[in-house]
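Undergrad: Sharing data-v2.txt below, compact mmCIF, C-alpha atoms and all ligand atoms:
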# COMPACT_ATOMS: atom_id res chain seq x y z
CA MET A 125 40.52 52.97 64.20
CA LEU A 126 42.01 50.78 66.83
CA GLU A 127 45.41 52.06 67.85
CA LYS A 128 48.11 49.40 68.06
CA ARG A 129 49.53 49.13 71.55
CA GLN A 130 53.23 48.45 72.00
CA PRO A 131 53.96 46.13 74.93
CA ILE A 132 56.91 47.05 77.13
CA LEU A 133 58.78 44.81 79.55
CA VAL A 134 57.55 44.73 83.14
CA GLY A 135 60.84 46.05 84.50
CA GLN A 136 60.76 48.95 82.05
CA ALA A 137 57.17 49.70 82.99
CA VAL A 138 58.02 49.74 86.70
CA LYS A 139 60.91 52.10 85.97
CA ARG A 140 58.72 54.47 83.96
CA VAL A 141 56.31 54.70 86.87
CA LEU A 142 59.03 55.25 89.46
CA ASP A 143 60.67 57.94 87.34
CA ARG A 144 57.48 60.00 87.70
CA VAL A 145 57.19 59.73 91.45
CA THR A 146 57.24 62.96 93.46
CA LEU A 147 58.67 62.73 96.95
CA LEU A 148 56.16 63.59 99.67
CA THR A 149 57.12 66.03 102.42
CA THR A 150 57.68 64.97 106.03
CA GLU A 151 55.87 65.27 109.33
CA THR A 152 56.79 64.58 112.93
CA ILE A 153 54.65 62.02 114.72
CA PRO A 154 54.65 60.28 118.11
CA LEU A 155 56.86 57.17 118.26
CA GLU A 156 53.89 54.94 119.12
CA GLU A 157 52.26 55.82 115.81
CA SER A 158 55.35 55.29 113.69
CA TYR A 159 55.02 51.57 112.91
CA GLY A 160 54.67 51.04 109.15
CA ARG A 161 55.87 54.51 108.23
CA ILE A 162 59.03 55.49 106.35
CA LEU A 163 61.69 57.15 108.51
CA ARG A 164 62.94 60.43 107.05
CA GLN A 165 65.87 61.18 109.32
CA ASN A 166 69.22 59.57 109.99
CA ILE A 167 69.61 58.29 113.51
CA VAL A 168 72.99 58.23 115.23
CA ALA A 169 73.60 56.53 118.58
CA THR A 170 73.85 59.24 121.23
CA HIS A 171 75.15 56.80 123.81
CA PHE A 172 76.44 53.23 124.19
CA VAL A 173 73.99 50.34 124.34
CA PRO A 174 74.05 49.01 126.96
CA PRO A 175 75.06 52.32 128.59
CA PHE A 176 77.02 50.54 131.39
CA ASP A 177 78.52 47.12 132.14
CA ARG A 178 75.68 45.05 133.56
CA SER A 179 74.72 41.61 134.71
CA PRO A 180 72.99 39.39 132.15
CA TYR A 181 71.93 36.94 134.91
CA ASP A 182 70.65 36.75 138.44
CA GLY A 183 73.68 35.89 140.54
CA PHE A 184 76.70 37.39 142.27
CA ALA A 185 79.06 40.08 141.03
CA ILE A 186 82.66 39.23 141.96
CA ARG A 187 86.28 40.04 141.18
CA SER A 188 87.59 37.37 138.78
CA GLU A 189 91.07 37.55 140.31
CA ASP A 190 89.60 36.13 143.55
CA THR A 191 88.57 32.91 141.76
CA LYS A 192 92.07 31.74 140.86
CA GLY A 193 92.65 28.08 141.68
CA ALA A 194 88.98 27.31 142.41
CA SER A 195 88.01 23.66 141.81
CA GLY A 196 85.75 20.91 143.13
CA ASN A 197 88.37 20.07 145.78
CA HIS A 198 89.16 23.64 146.52
CA ARG A 199 85.97 25.71 146.68
CA VAL A 200 86.52 29.45 147.01
CA LEU A 201 84.44 31.42 149.50
CA PHE A 202 82.84 34.86 148.96
CA LYS A 203 81.14 37.16 151.40
CA LEU A 204 78.07 39.21 150.46
CA VAL A 205 78.38 42.96 151.02
CA ASP A 206 75.33 44.26 149.12
CA HIS A 207 72.19 43.25 147.23
CA ILE A 208 70.91 45.12 144.14
CA GLY A 209 68.21 44.72 141.53
CA ALA A 210 67.97 46.28 138.05
CA GLY A 211 67.75 50.05 138.20
CA THR A 212 69.87 50.33 141.34
CA VAL A 213 73.54 51.24 141.65
CA SER A 214 75.56 49.72 144.48
CA ALA A 215 77.57 52.20 146.55
CA LYS A 216 80.05 49.44 147.42
CA VAL A 217 83.52 48.98 145.98
CA LEU A 218 84.35 45.26 146.04
CA GLY A 219 87.30 44.20 148.16
CA ARG A 220 89.02 40.78 148.22
CA HIS A 221 86.52 37.90 148.21
CA GLU A 222 83.58 40.23 148.46
CA ALA A 223 80.48 39.84 146.29
CA VAL A 224 77.25 41.69 145.58
CA ARG A 225 74.04 39.77 145.02
CA ILE A 226 72.96 41.20 141.68
CA MET A 227 69.91 40.79 139.44
CA THR A 228 69.69 40.82 135.64
CA GLY A 229 70.11 44.32 134.22
CA ALA A 230 71.80 45.81 137.30
CA PRO A 231 75.12 47.66 136.77
CA LEU A 232 78.24 45.85 137.97
CA PRO A 233 79.50 47.37 141.23
CA GLU A 234 82.88 49.03 141.17
CA GLY A 235 85.69 46.49 141.31
CA ALA A 236 83.54 43.64 139.97
CA ASP A 237 84.41 42.14 136.59
CA ALA A 238 82.50 38.84 136.48
CA VAL A 239 79.15 37.38 137.45
CA VAL A 240 78.55 33.97 138.99
CA MET A 241 75.12 32.52 138.30
CA PHE A 242 73.14 31.18 141.27
CA GLU A 243 73.39 27.68 139.77
CA GLN A 244 77.19 27.85 139.95
CA THR A 245 77.29 28.36 143.71
CA VAL A 246 76.59 26.69 147.02
CA GLU A 247 75.01 29.33 149.25
CA ASP A 248 75.01 29.83 152.98
CA ASP A 249 73.54 32.79 154.93
CA ASP A 250 75.72 35.64 153.69
CA THR A 251 78.40 33.61 151.94
CA PHE A 252 78.70 31.26 149.00
CA THR A 253 81.38 29.09 147.44
CA ILE A 254 82.29 28.37 143.85
CA ARG A 255 84.22 25.52 142.24
CA LYS A 256 85.67 27.06 139.09
CA PRO A 257 87.81 30.05 138.11
CA PHE A 258 86.19 32.94 136.27
CA ASP A 259 87.70 35.00 133.45
CA ARG A 260 87.68 38.74 133.39
CA TYR A 261 84.23 39.85 132.01
CA GLU A 262 82.81 36.36 132.19
CA ASN A 263 79.01 36.65 132.28
CA VAL A 264 79.15 40.41 131.87
CA SER A 265 77.12 42.33 129.36
CA LEU A 266 79.64 44.99 128.33
CA GLN A 267 78.96 48.65 127.81
CA GLY A 268 78.50 49.28 124.05
CA GLU A 269 78.54 45.61 123.04
CA ASP A 270 75.29 46.19 121.14
CA VAL A 271 75.72 49.72 119.78
CA LYS A 272 78.66 52.12 120.05
CA GLU A 273 78.16 55.78 120.79
CA GLY A 274 78.33 57.81 117.57
CA GLU A 275 77.50 54.82 115.34
CA PRO A 276 74.90 55.46 112.60
CA VAL A 277 72.02 53.14 113.48
CA LEU A 278 69.13 54.01 111.14
CA GLU A 279 69.17 55.54 107.70
CA THR A 280 66.55 57.80 106.19
CA GLY A 281 64.21 55.75 104.00
CA THR A 282 64.01 52.87 106.47
CA PHE A 283 60.67 51.11 106.89
CA ILE A 284 59.78 51.40 110.57
CA ASN A 285 59.22 47.87 111.89
CA PRO A 286 58.78 46.88 115.54
CA GLY A 287 62.57 46.59 115.92
CA THR A 288 63.04 50.07 114.49
CA VAL A 289 60.55 51.36 117.04
CA ALA A 290 62.55 49.69 119.82
CA LEU A 291 65.78 51.28 118.59
CA LEU A 292 64.19 54.74 118.31
CA ALA A 293 62.85 54.33 121.84
CA THR A 294 66.31 53.25 123.08
CA PHE A 295 67.76 56.59 121.99
CA GLY A 296 64.92 58.65 123.39
CA HIS A 297 63.07 59.59 120.22
CA ALA A 298 59.59 60.26 121.58
CA THR A 299 58.71 61.73 118.20
CA VAL A 300 59.93 60.69 114.77
CA LYS A 301 60.29 62.44 111.44
CA VAL A 302 58.56 60.35 108.79
CA ALA A 303 57.20 60.78 105.28
CA LYS A 304 53.63 62.02 105.02
CA LEU A 305 51.31 59.31 103.77
CA PRO A 306 50.07 59.59 100.21
CA SER A 307 46.34 60.05 99.80
CA VAL A 308 44.90 57.59 97.35
CA GLY A 309 41.55 57.63 95.58
CA ILE A 310 40.00 54.37 94.36
CA LEU A 311 37.51 54.53 91.51
CA VAL A 312 35.97 51.25 90.41
CA THR A 313 34.23 51.22 87.02
CA GLY A 314 31.94 48.71 85.31
CA SER A 315 28.24 48.68 84.47
CA GLU A 316 28.07 45.02 85.46
CA LEU A 317 29.00 45.74 89.06
CA ILE A 318 26.77 45.55 92.08
CA ASP A 319 27.66 46.24 95.67
CA VAL A 320 28.90 43.56 98.05
CA SER A 321 25.64 43.76 99.99
CA GLU A 322 23.37 43.31 96.96
CA PRO A 323 21.87 40.02 95.71
CA LEU A 324 23.13 38.74 92.36
CA ALA A 325 21.09 39.78 89.34
CA PRO A 326 21.30 38.63 85.71
CA GLY A 327 24.53 39.77 84.06
CA LYS A 328 25.83 41.34 87.24
CA ILE A 329 28.78 40.50 89.51
CA ARG A 330 29.77 41.90 92.85
CA ASN A 331 32.52 44.47 92.97
CA SER A 332 35.43 42.57 94.47
CA ASN A 333 38.26 44.77 93.17
CA GLY A 334 37.32 47.81 95.25
CA PRO A 335 37.52 46.05 98.63
CA MET A 336 40.60 44.12 97.47
CA ILE A 337 42.54 47.26 96.54
CA ALA A 338 41.48 48.88 99.80
CA ALA A 339 42.93 45.86 101.62
CA GLN A 340 46.16 46.02 99.61
CA LEU A 341 46.53 49.68 100.61
CA LYS A 342 45.69 48.87 104.20
CA ARG A 343 48.41 46.22 104.19
CA MET A 344 50.82 49.03 103.22
CA GLY A 345 49.43 51.37 105.85
CA VAL A 346 48.29 53.83 103.19
CA PRO A 347 44.96 55.65 103.64
CA TYR A 348 42.46 55.86 100.80
CA HIS A 349 39.13 57.25 99.80
CA MET A 350 36.81 54.81 98.08
CA TYR A 351 34.54 56.53 95.57
CA ARG A 352 31.18 54.91 94.87
CA PHE A 353 31.74 52.39 92.08
CA THR A 354 30.44 53.63 88.80
CA VAL A 355 28.88 52.59 85.47
CA ASP A 356 30.71 52.82 82.13
CA ASP A 357 29.73 56.26 80.92
CA LEU A 358 32.31 58.48 79.28
CA GLU A 359 30.98 61.86 80.47
CA ARG A 360 30.29 60.67 83.95
CA ASN A 361 33.62 58.82 84.30
CA LYS A 362 35.46 61.88 83.02
CA GLN A 363 34.00 64.00 85.81
CA GLU A 364 34.69 61.31 88.38
CA VAL A 365 38.31 60.90 87.36
CA ARG A 366 38.82 64.67 87.31
CA GLN A 367 37.38 65.08 90.77
CA ALA A 368 39.26 62.12 92.25
CA LEU A 369 42.51 63.39 90.76
CA ASP A 370 41.88 66.83 92.27
CA GLU A 371 41.25 65.32 95.68
CA HIS A 372 44.15 62.87 95.92
CA ASP A 373 47.87 62.40 95.32
CA VAL A 374 47.30 59.16 93.43
CA LEU A 375 44.32 57.68 91.63
CA ILE A 376 43.72 53.97 91.18
CA THR A 377 40.96 52.96 88.78
CA THR A 378 39.91 49.46 87.87
CA GLY A 379 38.22 48.41 84.65
CA GLY A 380 37.80 50.19 81.35
CA VAL A 381 41.45 50.26 80.25
CA SER A 382 41.09 47.71 77.48
CA VAL A 383 39.89 48.16 73.92
CA GLY A 384 36.19 47.28 74.42
CA ASP A 385 33.39 49.57 73.27
CA PHE A 386 32.76 50.64 76.86
CA ASP A 387 36.37 50.95 77.98
CA PHE A 388 36.55 54.69 78.43
CA MET A 389 39.75 55.21 80.38
CA PRO A 390 41.96 55.73 77.27
CA ALA A 391 39.61 58.49 76.07
CA ILE A 392 39.63 60.05 79.52
CA TYR A 393 43.43 60.14 79.65
CA LYS A 394 43.38 61.88 76.28
CA GLU A 395 40.79 64.38 77.47
CA LEU A 396 42.86 65.14 80.61
CA GLU A 397 45.91 65.52 78.38
CA ALA A 398 47.54 62.91 80.57
CA GLU A 399 50.82 61.43 79.48
CA VAL A 400 50.28 57.70 79.07
CA LEU A 401 53.48 56.08 80.38
CA PHE A 402 52.42 52.73 78.93
CA ASN A 403 49.19 51.01 78.02
CA LYS A 404 50.47 47.54 77.34
CA VAL A 405 52.88 45.48 79.41
CA ALA A 406 54.43 42.21 78.32
CA MET A 407 52.87 40.33 81.22
CA ARG A 408 50.02 37.96 81.98
CA PRO A 409 47.70 38.70 83.59
CA GLY A 410 47.26 42.44 83.24
CA SER A 411 48.77 43.21 79.84
CA VAL A 412 46.31 46.11 79.50
CA THR A 413 47.54 47.72 82.72
CA THR A 414 47.93 51.41 81.98
CA VAL A 415 49.68 54.10 83.94
CA ALA A 416 49.23 57.74 83.07
CA TYR A 417 50.60 60.97 84.51
CA ALA A 418 48.58 64.16 84.78
CA LYS A 419 48.81 67.30 86.92
CA GLY A 420 51.94 65.88 88.53
CA LYS A 421 50.05 62.80 89.70
CA LEU A 422 50.05 59.13 88.80
CA LEU A 423 46.86 57.47 87.54
CA PHE A 424 46.98 53.70 87.78
CA GLY A 425 44.54 52.15 85.34
CA LEU A 426 44.31 48.58 86.57
CA SER A 427 42.46 45.88 84.67
CA GLY A 428 39.02 44.89 85.91
CA ASN A 429 40.02 41.25 85.93
CA PRO A 430 40.64 40.50 89.61
CA SER A 431 43.93 38.60 89.27
CA ALA A 432 45.25 41.22 86.86
CA CYS A 433 44.08 44.02 89.13
CA PHE A 434 45.76 42.44 92.14
CA THR A 435 49.02 41.82 90.30
CA GLY A 436 49.05 45.31 88.79
CA PHE A 437 48.78 46.78 92.26
CA GLU A 438 51.63 44.71 93.70
CA LEU A 439 53.95 45.33 90.74
CA PHE A 440 53.34 49.01 90.01
CA VAL A 441 51.29 50.75 92.71
CA ARG A 442 53.14 49.35 95.69
CA PRO A 443 56.68 50.50 94.76
CA ALA A 444 55.37 53.89 93.65
CA LEU A 445 53.62 54.52 96.98
CA ARG A 446 56.75 53.49 98.84
CA LYS A 447 58.99 55.67 96.68
CA MET A 448 56.70 58.66 97.26
CA GLN A 449 57.51 58.21 100.94
CA GLY A 450 61.23 58.09 100.29
CA ALA A 451 61.57 54.39 101.08
CA ARG A 452 64.76 52.58 100.07
CA MET A 453 63.17 49.12 99.78
CA LEU A 454 60.65 49.44 96.98
CA TYR A 455 60.21 45.99 95.53
CA LEU A 456 58.59 42.73 96.58
CA PRO A 457 61.10 40.32 98.10
CA HIS A 458 62.37 37.89 95.46
CA THR A 459 63.54 34.32 95.92
CA LYS A 460 63.97 31.06 94.00
CA ALA A 461 61.91 27.98 94.74
CA VAL A 462 61.11 24.56 93.38
CA LEU A 463 58.02 24.39 91.21
CA GLY A 464 55.52 22.05 92.88
CA GLU A 465 53.64 20.99 89.75
CA ASP A 466 53.90 21.19 85.96
CA PHE A 467 52.92 24.46 84.36
CA SER A 468 52.66 23.62 80.71
CA LYS A 469 51.09 26.75 79.21
CA ALA A 470 53.33 28.50 76.72
CA ASN A 471 54.47 31.95 77.77
CA PRO A 472 54.77 34.66 75.14
CA PHE A 473 54.72 37.27 77.93
CA THR A 474 56.14 37.08 81.46
CA ARG A 475 53.59 35.25 83.55
CA PHE A 476 52.76 36.02 87.17
CA ILE A 477 51.01 33.09 88.79
CA ARG A 478 49.31 33.39 92.13
CA ALA A 479 50.82 30.63 94.15
CA SER A 480 51.41 29.23 97.56
CA TYR A 481 55.00 29.15 98.77
CA ASN A 482 56.14 27.11 101.76
CA GLY A 483 59.73 28.28 102.00
CA HIS A 484 60.97 25.62 99.59
CA THR A 485 58.31 24.68 97.05
CA VAL A 486 55.95 26.99 95.22
CA THR A 487 52.70 25.69 93.75
CA PRO A 488 50.11 27.51 91.61
CA ALA A 489 47.06 28.27 93.75
CA GLY A 490 44.49 26.67 91.45
CA PHE A 491 42.55 28.14 88.51
CA ASN A 492 44.82 30.94 87.44
CA LYS A 493 43.43 32.95 84.55
CA SER A 494 43.37 36.72 84.81
CA ASN A 495 39.71 36.64 85.86
CA ALA A 496 40.40 34.27 88.80
CA VAL A 497 39.48 35.39 92.31
CA ALA A 498 39.89 32.23 94.39
CA ALA A 499 43.59 31.83 93.57
CA ILE A 500 44.30 35.32 94.95
CA ALA A 501 42.81 34.26 98.27
CA ARG A 502 44.84 31.05 98.37
CA GLY A 503 48.14 32.58 97.27
CA ASN A 504 50.93 34.13 99.33
CA ALA A 505 53.36 34.55 96.44
CA LEU A 506 53.67 35.09 92.72
CA ILE A 507 55.56 32.65 90.53
CA VAL A 508 57.33 34.56 87.78
CA LEU A 509 57.83 32.68 84.52
CA PRO A 510 59.79 34.71 81.97
CA GLY A 511 58.26 35.21 78.54
CA GLY A 512 59.33 33.18 75.55
CA SER A 513 59.39 29.83 77.30
CA ARG A 514 57.48 26.67 76.50
CA GLY A 515 56.18 25.62 79.85
CA TYR A 516 57.75 24.45 83.08
CA ALA A 517 57.98 21.06 84.73
CA GLU A 518 57.59 20.14 88.36
CA GLY A 519 60.94 20.27 90.16
CA MET A 520 62.36 23.13 88.09
CA GLU A 521 63.71 26.17 89.85
CA VAL A 522 61.56 29.28 89.36
CA ASP A 523 61.52 32.89 90.49
CA VAL A 524 59.09 33.82 93.24
CA LEU A 525 57.90 37.17 94.55
CA ILE A 526 56.78 37.04 98.16
CA LEU A 527 53.55 38.84 99.04
CA GLY A 528 52.41 40.27 102.32
CA GLN A 529 55.82 41.23 103.72
CA GLU A 530 55.85 44.56 105.49
CA ASP A 531 59.14 45.63 103.92
CA GLY A 532 60.67 45.01 100.49
CA VAL A 533 64.05 44.86 98.78
CA ALA A 534 66.12 47.59 97.18
CA GLU A 535 66.62 46.10 93.71
CA TRP A 536 64.28 45.01 90.95
CA THR A 537 65.96 41.70 90.21
CA LEU A 538 63.69 40.18 87.54
P1 LIG B 1 37.44 45.40 82.20
O1 LIG B 1 38.85 45.59 82.66
O2 LIG B 1 36.55 46.53 82.54
O3 LIG B 1 37.41 45.02 80.75
O4 LIG B 1 36.89 44.14 82.99
C1 LIG B 1 37.48 42.86 82.80
C2 LIG B 1 36.73 41.81 83.58
O5 LIG B 1 36.81 42.06 84.95
C3 LIG B 1 35.25 41.72 83.25
O6 LIG B 1 34.85 40.36 83.24
C4 LIG B 1 34.62 42.47 84.41
O7 LIG B 1 33.29 42.07 84.63
C5 LIG B 1 35.52 42.11 85.55
N1 LIG B 1 35.51 43.17 86.56
C6 LIG B 1 35.62 44.49 86.29
N2 LIG B 1 35.59 45.22 87.41
C7 LIG B 1 35.47 44.33 88.41
C8 LIG B 1 35.37 44.48 89.83
N3 LIG B 1 35.41 45.68 90.40
N4 LIG B 1 35.27 43.36 90.59
C9 LIG B 1 35.25 42.16 90.00
N5 LIG B 1 35.34 41.96 88.68
C10 LIG B 1 35.43 43.02 87.88
MG MG B 2 34.67 47.13 82.23
In structure tokens, what does this structure look like?

TA:
Amino acid sequence: MLEKRQPILVGQAVKRVLDRVTLLTTETIPLEESYGRILRQNIVATHFVPPFDRSPYDGFAIRSEDTKGASGNHRVLFKLVDHIGAGTVSAKVLGRHEAVRIMTGAPLPEGADAVVMFEQTVEDDDTFTIRKPFDRYENVSLQGEDVKEGEPVLETGTFINPGTVALLATFGHATVKVAKLPSVGILVTGSELIDVSEPLAPGKIRNSNGPMIAAQLKRMGVPYHMYRFTVDDLERNKQEVRQALDEHDVLITTGGVSVGDFDFMPAIYKELEAEVLFNKVAMRPGSVTTVAYAKGKLLFGLSGNPSACFTGFELFVRPALRKMQGARMLYLPHTKAVLGEDFSKANPFTRFIRASYNGHTVTPAGFNKSNAVAAIARGNALIVLPGGSRGYAEGMEVDVLILGQEDGVAEWTL
């Protein structure tokens, strides 16, 4: 007898998955390898940035008090007493109307409190004149103007982006404590599948989900093992799932989660005594998306339909993999945009439409059923149309999830 599946809301489904996540331990890695990882230590500034008052320009360091009364009719003269580039400290202490020729990044000499840019002077051999008064600290990059000593600068759970790397380098972190990466197994099922390199044959299609999921993981910087795609065979699939689950922290399968005669994943979950967190989500595409929990690990049973498979990964797998690493920003960035064309289909369930977003308008990326492949390639966003509505007209404001961003947001806002 066919069991009746109870759909749950997408947000509830995401929460059920995240509630089962186990935090991975940490490891210490070289800074140069840390891009894309999740920081697992708090970083406090151990010194001011910049560490000393310095020149932001190429010019002359002077004492501002010496510039009083300077004007076009009354140019004030300075005499050069030293010449320094970045990385060098002048031994001179500036006296009245003395100046040091100074390059960008060099520390201000003692006594100096302003910098005159070359363009603001008329130069002679070892003198120059200026035609305007300077304020104290004019054209000076002040010690600590960027970061104060003792200030918390990075929090554990931060996604390490290129700027994070720069900040870690600034404070001398040659190595960084980060979350270990989860190991993910991918098992693609379906007797109709042939390999990418094979010619089409009657009734067969090429396995596009396997390479797609691999690319989605790669985009997250998460390593994976791709098992050889497999036919629909209960005994065989059972063994394959068991082995993959033994070998990895997380298992992603595609296909076989529906109610067809050859959809064996539900039977396999039962056999493994897995706890099925849900097997129906109130969403299109991907309502059959199933997530189960066995041996302390998550099994993501994604639909075989490419658009559903893709969406299931972005909505459920992605935040789980980030949470395992202790990340604070788990969810796809969310914005509002203007719908670029009518979308008249009724929506009993929340609909996720692969779409292209230009920063203002969002437009469905063509044929958009759950079995669509081309729209995934054209899309850089998902339009989210809440369930229970009767279609949307061009010009209406809609919710959009942005794809392909390295980091996410902290709240599930849909
Ligand atoms: P299933 O989820 O197994 O019922 O498959 C749903 C649809 O997705 C069927 O039309 C399958 O042929 C197709 N499909 C399943 N697996 C893949 C795959 N790896 N790549 C492309 N299409 C697939
Ligand atoms: Mg199938």

Undergrad: Any idea what the distance is between atom CA of Val141 of chain A and atom CA of Phe402 of chain A?

TA: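 Those two atoms sit 9.1 Å apart.
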
Undergrad: Excluding Phe437 of chain A and its own-chain neighbours fewer than 2 positions away, which residues fall within 9 Å of it when counting only C-alpha atoms? Please give them as a list of chain:residue names.

TA: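 So, after excluding close chain neighbours, the residues are A:Ile337, A:Gln340, A:Ile376, A:Phe424, A:Leu426, A:Ala432, A:Cys433, A:Phe434, A:Thr435, A:Leu439, A:Phe440, A:Val441, A:Arg442.
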
Undergrad: Using only C-alpha atoms and all ligand atoms, I'd like a table of the residues in chain A that come within 10 Å of ligand MG 2 (chain B); for each, show the closest atom pair and its distance in Å rounded to one decimal, ordered by chain and ascending number, as a Markdown table.

TA:
| residue | atom | partner | partner_atom | distance |
| --- | --- | --- | --- | --- |
| A:Val312 | CA | B:MG2 | MG | 9.3 |
| A:Thr313 | CA | B:MG2 | MG | 6.3 |
| A:Gly314 | CA | B:MG2 | MG | 4.4 |
| A:Ser315 | CA | B:MG2 | MG | 7.0 |
| A:Glu316 | CA | B:MG2 | MG | 7.6 |
| A:Leu317 | CA | B:MG2 | MG | 9.0 |
| A:Val355 | CA | B:MG2 | MG | 8.6 |
| A:Asp356 | CA | B:MG2 | MG | 6.9 |
| A:Thr378 | CA | B:MG2 | MG | 8.0 |
| A:Gly379 | CA | B:MG2 | MG | 4.5 |
| A:Gly380 | CA | B:MG2 | MG | 4.5 |
| A:Val381 | CA | B:MG2 | MG | 7.7 |
| A:Ser382 | CA | B:MG2 | MG | 8.0 |
| A:Val383 | CA | B:MG2 | MG | 9.9 |
| A:Gly384 | CA | B:MG2 | MG | 8.0 |
| A:Asp385 | CA | B:MG2 | MG | 9.4 |
| A:Phe386 | CA | B:MG2 | MG | 6.7 |
| A:Asp387 | CA | B:MG2 | MG | 6.0 |
| A:Phe388 | CA | B:MG2 | MG | 8.7 |
| A:Met389 | CA | B:MG2 | MG | 9.7 |
| A:Ser427 | CA | B:MG2 | MG | 8.3 |
| A:Gly428 | CA | B:MG2 | MG | 6.1 |
| A:Asn429 | CA | B:MG2 | MG | 8.8 |

Undergrad: Around all the atoms of ligand LIG 1 (chain B) listed in the file, with 4 Å of room on each side, what axis-aligned box do you get, giving centre and edge lengths in Å to one decimal, as JSON?

TA:
{"center_x": 36.1, "center_y": 43.4, "center_z": 85.7, "size_x": 13.6, "size_y": 14.2, "size_z": 17.8}

Undergrad: At a cut-off of 12 Å, using all atoms listed in the file, what residues contact segment 273-275 of chain A? Leave out same-chain residues fewer than 6 positions from it and give the result as a list in words.

TA: Asn166, Ile167, Val168, Ala169, Thr170, His171, Phe172, Val173, Pro174, Pro175, Phe176, Gln267 and Phe295 of chain A

Undergrad: I'd like the interatomic distance between atom CA of Gly425 of chain A and atom CA of Ile318 of chain A, to a tenth of an Å.

TA: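 Atom CA of Ile318 of chain A lies at a distance of 20.1 Å from atom CA of Gly425 of chain A.
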
Undergrad: Give the answer as one residue: which of A:Tyr348, A:Phe258, A:Trp536, A:Tyr417 has the shortest atom-to-atom distance to Leu305 of chain A, using all atoms listed in the file?

TA: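 Among A:Tyr348, A:Phe258, A:Trp536, A:Tyr417, it is A:Tyr348 that comes nearest to Leu305 of chain A.
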
Undergrad: Show which residues sit within 7 Å of segment 156-161 of chain A, as a PyMOL selection string. Count all atoms listed in the file, and ignore same-chain residues fewer than 6 positions away.

TA: chain A and resi 283-286+289+302+345

Undergrad: Could you list as a list in words every residue that has an atom within 12 Å of (51.7, 33.8, 72.1), using the file's coordinates and counting all atoms listed in the file?

TA: Ala406, Met407, Arg408, Lys469, Ala470, Asn471, Pro472, Phe473, Thr474, Arg475, Gly511, Gly512, Ser513 and Arg514 of chain A

Undergrad: Those same residues - C-alpha atoms - I'd like them written as an mmCIF file, keeping the file's coordinate frame.

TA:
data_model
loop_
_atom_site.group_PDB
_atom_site.id
_atom_site.type_symbol
_atom_site.label_atom_id
_atom_site.label_comp_id
_atom_site.auth_asym_id
_atom_site.auth_seq_id
_atom_site.Cartn_x
_atom_site.Cartn_y
_atom_site.Cartn_z
ATOM 1 C CA ALA A 406 54.430 42.210 78.320
ATOM 2 C CA MET A 407 52.870 40.330 81.220
ATOM 3 C CA ARG A 408 50.020 37.960 81.980
ATOM 4 C CA LYS A 469 51.090 26.750 79.210
ATOM 5 C CA ALA A 470 53.330 28.500 76.720
ATOM 6 C CA ASN A 471 54.470 31.950 77.770
ATOM 7 C CA PRO A 472 54.770 34.660 75.140
ATOM 8 C CA PHE A 473 54.720 37.270 77.930
ATOM 9 C CA THR A 474 56.140 37.080 81.460
ATOM 10 C CA ARG A 475 53.590 35.250 83.550
ATOM 11 C CA GLY A 511 58.260 35.210 78.540
ATOM 12 C CA GLY A 512 59.330 33.180 75.550
ATOM 13 C CA SER A 513 59.390 29.830 77.300
ATOM 14 C CA ARG A 514 57.480 26.670 76.500
#

Undergrad: Just to confirm, what's the straight-line distance from atom CA of His207 of chain A to atom CA of Gly268 of chain A in Å (one decimal)?

TA: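 Distance reported for this atom pair: 24.8 Å.
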
Undergrad: Using all atoms listed in the file for the distances, tell me which of A:Ile186, A:Ala339, A:Val533, A:Leu147 is nearest to Ala444 of chain A.

TA: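 Counting all atoms listed in the file, the residue closest to Ala444 of chain A is A:Leu147.
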
Undergrad: Identify, on the basis of all atoms listed in the file, every residue whose closest approach to Thr228 of chain A does not exceed 10 Å; exclude the query and any residue fewer than 2 positions from it along the same chain; express the result as a CSV table (one decimal) with C-alpha atoms, in the coordinates of the input.

TA:
chain,number,residue,atom,x,y,z
A,178,ARG,CA,75.7,45.0,133.6
A,179,SER,CA,74.7,41.6,134.7
A,180,PRO,CA,73.0,39.4,132.2
A,181,TYR,CA,71.9,36.9,134.9
A,182,ASP,CA,70.6,36.8,138.4
A,183,GLY,CA,73.7,35.9,140.5
A,208,ILE,CA,70.9,45.1,144.1
A,209,GLY,CA,68.2,44.7,141.5
A,210,ALA,CA,68.0,46.3,138.0
A,211,GLY,CA,67.8,50.0,138.2
A,226,ILE,CA,73.0,41.2,141.7
A,230,ALA,CA,71.8,45.8,137.3
A,231,PRO,CA,75.1,47.7,136.8
A,265,SER,CA,77.1,42.3,129.4

Undergrad: Taking the point (52.9, 52.3, 69.8) as given in the file, collect each protein or nucleic acid residue that comes within 12 Å of it, counting all atoms listed in the file, and present the set as JSON, numbers by chain.

TA: {"A": [126, 127, 128, 129, 130, 131, 132, 400, 401, 402, 403, 404, 405]}
